[in-house]
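Enquirer: I have a structure I would like to understand better, so I am pasting it below and will then ask my questions one at a time.
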Amino acid sequence: MIEYCGKQIPQTLPELVKPSHTALLVVDIQNEFCVKDGRIIFPEILSRLKDLVGVARQCDVMVLHMQDTIDYRHDSAPRIRNYMRTHNVDDPHKLPIRAVDGTWGHKFVDGFGPVGHEPIIKKYTSSAFKGTSLDMFLRNAGIKTTVIAGVVTHGCVWSTARDASYDYFAVVVSDCVASQKEELHEASLRWMKLTSDVADSEDIARVWREATDN
């Protein structure tokens with residue numbers, strides 16, 4: 001740990017992700033983004049993430065669940081234009097219905113979602129920090145580090161990690177994030193290494209278990 005101007009700056013992974021000041025942000029593990037034709041799109045990623053969530057719960061790491069909530073009617077004109085570009089349509093009426101509140105696509109994948117009183121953070125844009133109660137939950141719990149996992153790497157994961165890094169230490173779980181666009185997934189991980197820490201799930205889980213055992 002380095003002290004600078006009265007501030008404590010972690011240098012090692014155990015210092016960064018100490019259970020007492022760490023929260024695990026599980027980003028958008030919803031049917032819309034993870035299930036296609038009745039099958040999980042990212043089975044290995046979700047399996048590792050489920051294990052990591054289990055370890056977090058065992059080690060008293062705060063777990064929060066991000067839930068993307070899309071309704072084009074209430075979006076801004078720039079956001080609608082971005083969606084049109086993403087889906088390659090020339091008319092907003094042609095946009096697909098995705099993750100609308102209350103639909104199957106909006107629900108968490110089976111086996112994911114909150115247990116007990118774990119918070120759900122409904123978000124209406126890519127970043128889980130913009131226009132949500134996430135920052136309040138983290139500050140009230142004395143959180144210093146956010147461990148970020150989920151989908152998609154180049155979208156909501158990247159946006160959430162970027163905004164987290166302004167006020168929190170951000171650690172992206174490299175083997176628990178995914179995108180169907182591999183080139184964007186890899187490019188986003190490279191970019192996030194410039195603004196966040198990146199670690200794999202086994203190393204993070206090991207730190208949490210050792211901290212709990214001691």
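All residue names refer to the structure tokens as shown: chains lettered A, B, ... in order, residues numbered from 1 in each chain, ligands numbered from 1 in order.
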I'd like a table as a Markdown table: residues in stretch 5-91 of chain A with an atom no more than 12 Å from stretch 127-130 of chain A, each row giving the shortest atom pair and its distance in Å to one decimal, only C-alpha atoms counted, sorted by chain and rising residue number.
Expert:
| residue | atom | partner | partner_atom | distance |
| --- | --- | --- | --- | --- |
| A:Leu25 | CA | A:Ala128 | CA | 9.1 |
| A:Val26 | CA | A:Ala128 | CA | 10.2 |
| A:Val27 | CA | A:Ala128 | CA | 8.1 |
| A:Asp28 | CA | A:Ala128 | CA | 9.7 |
| A:Leu64 | CA | A:Ala128 | CA | 10.6 |
| A:His65 | CA | A:Ala128 | CA | 9.8 |
| A:Met66 | CA | A:Ala128 | CA | 6.7 |
| A:Gln67 | CA | A:Ala128 | CA | 8.6 |
| A:Asp68 | CA | A:Ala128 | CA | 8.5 |
| A:Thr69 | CA | A:Ala128 | CA | 10.9 |
Enquirer: Can you list every residue of stretch 122-209 of chain A that has an atom at most 12 Å from stretch 76-81 of chain A, with its nearest atom pair and the distance in Å to one decimal, using only C-alpha atoms, ordered by chain then number, as a Markdown table?
Expert:
| residue | atom | partner | partner_atom | distance |
| --- | --- | --- | --- | --- |
| A:Tyr124 | CA | A:Arg79 | CA | 10.4 |
| A:Thr125 | CA | A:Arg79 | CA | 8.5 |
| A:Ser126 | CA | A:Arg79 | CA | 10.2 |
Enquirer: Selection from above, C-alpha atoms, as a PDB file, in the first residue's frame, can you write it?
Expert:
ATOM      1  CA  TYR A 124     -31.400   2.676 -18.550  1.00  0.00           C
ATOM      2  CA  THR A 125     -28.116   3.238 -20.328  1.00  0.00           C
ATOM      3  CA  SER A 126     -24.809   1.398 -20.723  1.00  0.00           C
TER       4      SER A 126
END
Enquirer: Restricting the calculation to only C-alpha atoms: of A:Ile204, A:Leu189, A:Ala56, A:Ile70, which residue gets closest to A:Ser159?
Expert: A:Leu189
Enquirer: Which residues are near stretch 44-47 of chain A? Cut-off 9 Å, only C-alpha atoms, ignore same chain within fewer than 5 positions. Put them as a list in words.
Expert: Ile29, Cys34, Leu52, Gly150, Asp175, Cys176, Val177 and Ala178 of chain A
Enquirer: Using only C-alpha atoms, pick whichever of A:Cys59, A:Trp191, A:Val157, A:Arg162 has the shortest atom-to-atom distance to A:Val17.
Expert: A:Cys59
Enquirer: What parts of stretch 15-204 of chain A does DSSP call helix (DSSP H, G or I)? I'd like the answer as an MDAnalysis selection string.
Expert: chainID A and resid 15:16 19:21 31:34 43:58 72:74 77:87 92:94 104:106 134:140 153:164 182:195 201:204
Enquirer: For the strand (DSSP E or B) assignment from backbone DSSP, which residues of stretch 9-208 of chain A qualify? Please present them as a PyMOL selection string.
Expert: chain A and resi 9+22-27+30+35-36+39-40+62-68+108+120-123+145-151+169-178+197-199
Enquirer: Residues near A:Gly54, anyone? I mean within 10 Å using only C-alpha atoms, not counting same-chain ones fewer than 5 positions away, as a list in words.
Expert: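 Surrounding residues, per the criterion: Arg48, Leu49, Cys59, Val61, Val63 and Ala205 of chain A.
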Enquirer: Using only C-alpha atoms, which residue out of A:Asp203, A:Asp163, A:Glu32, A:Glu186 lies closest to A:Leu134?
Expert: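 Among A:Asp203, A:Asp163, A:Glu32, A:Glu186, it is A:Asp163 that comes nearest to A:Leu134.
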Enquirer: Rank A:Thr153, A:Thr146, A:Ser188, A:Thr195 by their smallest atom-to-atom distance to A:His21, using only C-alpha atoms, and report the top residue only.
Expert: A:Thr146
Enquirer: Suppose you want the space between atom CA of A:Asp197 and atom CA of A:Phe33; what is it in Å?
Expert: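 Here the two named atoms are 24.8 Å from each other.
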Enquirer: So that I can check the surroundings of A:Lys94, please list as a list in words every protein, DNA and RNA residue that reaches within 10 Å of it, counting only C-alpha atoms and ignoring chain neighbours fewer than 6 positions away.
Expert: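 Listing them by chain and then by number gives Met84, His87 and Asn88 of chain A.
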Enquirer: Near A:Met62, within 7 Å and counting only C-alpha atoms, which residues show up once chain neighbours fewer than 3 positions away are dropped, as an mmCIF file with N, CA and C atoms, in the first residue's frame?
Expert:
data_model
loop_
_atom_site.group_PDB
_atom_site.id
_atom_site.type_symbol
_atom_site.label_atom_id
_atom_site.label_comp_id
_atom_site.auth_asym_id
_atom_site.auth_seq_id
_atom_site.Cartn_x
_atom_site.Cartn_y
_atom_site.Cartn_z
ATOM 1 N N THR A 22 -14.962 -4.425 -0.786
ATOM 2 C CA THR A 22 -15.143 -4.766 -2.202
ATOM 3 C C THR A 22 -16.578 -5.156 -2.496
ATOM 4 N N ALA A 23 -17.062 -4.763 -3.670
ATOM 5 C CA ALA A 23 -18.372 -5.190 -4.167
ATOM 6 C C ALA A 23 -18.199 -5.839 -5.533
ATOM 7 N N LEU A 24 -18.961 -6.891 -5.775
ATOM 8 C CA LEU A 24 -18.987 -7.562 -7.071
ATOM 9 C C LEU A 24 -20.198 -7.053 -7.844
#
Enquirer: Excluding A:Leu13 and its own-chain neighbours fewer than 4 positions away, which residues fall within 12 Å of it when counting only C-alpha atoms? Please give them as number ranges by chain.
Expert: A: 1, 9, 17-19, 22, 145, 147, 169-172, 197-208, 211
Enquirer: With distances taken over only C-alpha atoms, which residue among A:His154, A:Gln11, A:Gln58, A:Asp135 lies nearest A:Glu183?
Expert: A:His154
